[in-house]
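Beneath this line is the structure, given in structure tokens, with notes to follow.
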Amino acid sequence: MIATILKRSRLAASISLLGLILLCLGWEIFWSPLRSGGSLLFLKTLPLLAPLFGILRGKRYTYQWAGMLILLYFTEGVVRAWSESGVTRALAWTEIVLSLVFFASVVAYAKYTGKRYQVA
């Protein structure tokens, strides 16, 4: 059962992180940039690249600190969903959902890879 939880949480974390990277890039370059023609706000994607390889490789420490990093993107999504309208609001809600999925999956992965759940 724990192996299934670990497999699913790794998959969910990987997919949601990649989705969030693509969303942030597309949002600020193509779909609804702050200024027409794009803005430098797409650089907000760079911090998401830091945990990417650790998440894909299943590194427990990366899962732990990436859970804190993702809260910034959740906060941005909430603020922009509250203050924007139209396409930007829909993109903000997508950011909220992806960040919640990522957060829940990294918490589950970090929990079930701890010493308490290791088979002796």
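Chains: A, B, ... in order of the structure tokens. Residues: from 1 per chain. Ligands: from 1, in order shown.
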
Could you give me, as a tab-separated table, every segment 24-79 of chain A residue with an atom at most 7 Å from segment 6-15 of chain A, plus its closest atom pair and distance in Å to one decimal, counting only C-alpha atoms, rows ordered by chain then number?
```
residue	atom	partner	partner_atom	distance
A:Ile55	CA	A:Ser14	CA	6.3
A:Leu56	CA	A:Ser14	CA	6.0
A:Gly58	CA	A:Arg10	CA	6.8
```

Those same residues - C-alpha atoms - I'd like them written as a tab-separated table (two decimals), in the first residue's frame.
```
chain	number	residue	atom	x	y	z
A	55	ILE	CA	11.38	15.69	-7.86
A	56	LEU	CA	11.77	13.55	-10.97
A	58	GLY	CA	12.47	11.03	-5.99
```

Where does DSSP see alpha helix (DSSP H) in chain A, if you list the residues as a ChimeraX atom specification?
-> /A:2-26,46-49,52-57,60-83,87-112

Counting only C-alpha atoms, the option among A:Leu71, A:Ala81, A:Leu48, A:Leu34 closest to Thr94 of chain A =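 With only C-alpha atoms as the atom set, the closest residue is A:Ala81.
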
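For the set A:Met1, A:Ile29, A:Ile70, A:Leu52, the residue with the smallest atom-to-atom gap to Phe103 of chain A is A:Ile70, counting only C-alpha atoms.
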
Within 12 Å of Leu40 of chain A using only C-alpha atoms, minus same-chain residues under 4 positions, as a list in words |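 With the cut-off at 12 Å, the set is Cys24, Leu25, Trp27, Glu28, Ile29, Pro33, Leu34, Arg35, Ser36, Lys44, Thr45 and Leu46 of chain A.
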
Residues just named, written with N, CA and C atoms as a JSON list (two decimals), in the first residue's frame:
```
[["chain", "number", "residue", "atom", "x", "y", "z"],
["A", 24, "CYS", "N", 3.11, 28.75, -16.14],
["A", 24, "CYS", "CA", 3.74, 30.04, -15.86],
["A", 24, "CYS", "C", 4.38, 30.64, -17.11],
["A", 25, "LEU", "N", 5.03, 29.80, -17.90],
["A", 25, "LEU", "CA", 5.63, 30.30, -19.14],
["A", 25, "LEU", "C", 4.57, 30.76, -20.13],
["A", 27, "TRP", "N", 1.46, 31.56, -19.60],
["A", 27, "TRP", "CA", 0.66, 32.65, -19.06],
["A", 27, "TRP", "C", 1.34, 33.99, -19.30],
["A", 28, "GLU", "N", 2.61, 34.09, -18.97],
["A", 28, "GLU", "CA", 3.30, 35.37, -19.03],
["A", 28, "GLU", "C", 3.90, 35.70, -20.39],
["A", 29, "ILE", "N", 3.97, 34.73, -21.29],
["A", 29, "ILE", "CA", 4.51, 35.00, -22.62],
["A", 29, "ILE", "C", 3.40, 35.08, -23.67],
["A", 33, "PRO", "N", -0.18, 37.99, -20.89],
["A", 33, "PRO", "CA", 0.96, 38.67, -20.30],
["A", 33, "PRO", "C", 0.55, 40.00, -19.66],
["A", 34, "LEU", "N", 1.35, 40.44, -18.72],
["A", 34, "LEU", "CA", 1.11, 41.70, -18.03],
["A", 34, "LEU", "C", 1.08, 42.85, -19.03],
["A", 35, "ARG", "N", 1.99, 42.82, -20.00],
["A", 35, "ARG", "CA", 2.03, 43.80, -21.08],
["A", 35, "ARG", "C", 1.93, 43.06, -22.40],
["A", 36, "SER", "N", 1.35, 43.69, -23.39],
["A", 36, "SER", "CA", 1.26, 43.02, -24.69],
["A", 36, "SER", "C", 2.66, 42.77, -25.23],
["A", 44, "LYS", "N", 9.42, 34.19, -13.28],
["A", 44, "LYS", "CA", 8.94, 33.53, -12.06],
["A", 44, "LYS", "C", 8.99, 32.02, -12.19],
["A", 45, "THR", "N", 9.22, 31.53, -13.40],
["A", 45, "THR", "CA", 9.33, 30.10, -13.64],
["A", 45, "THR", "C", 10.67, 29.55, -13.16],
["A", 46, "LEU", "N", 11.69, 30.37, -13.12],
["A", 46, "LEU", "CA", 13.03, 29.90, -12.76],
["A", 46, "LEU", "C", 13.11, 29.17, -11.42]]
```

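Nearest residue to Leu69 of chain A among A:Phe30, A:Phe102, A:Tyr117, A:Tyr109 is A:Phe102, counting only C-alpha atoms.
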
Which of these, A:Thr62, A:Ser32, A:Thr75, A:Ser39, has the shortest distance to Val87 of chain A once you count only C-alpha atoms?
-> A:Ser32

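Computed from the coordinates, the atom CA of Val107 of chain A to atom CA of Ile5 of chain A distance equals 11.3 Å.
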
Go ahead and compute the interatomic distance for atom CA of Ser99 of chain A and atom CA of Thr4 of chain A, in Å to one decimal.
->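 So the answer is 21.6 Å.
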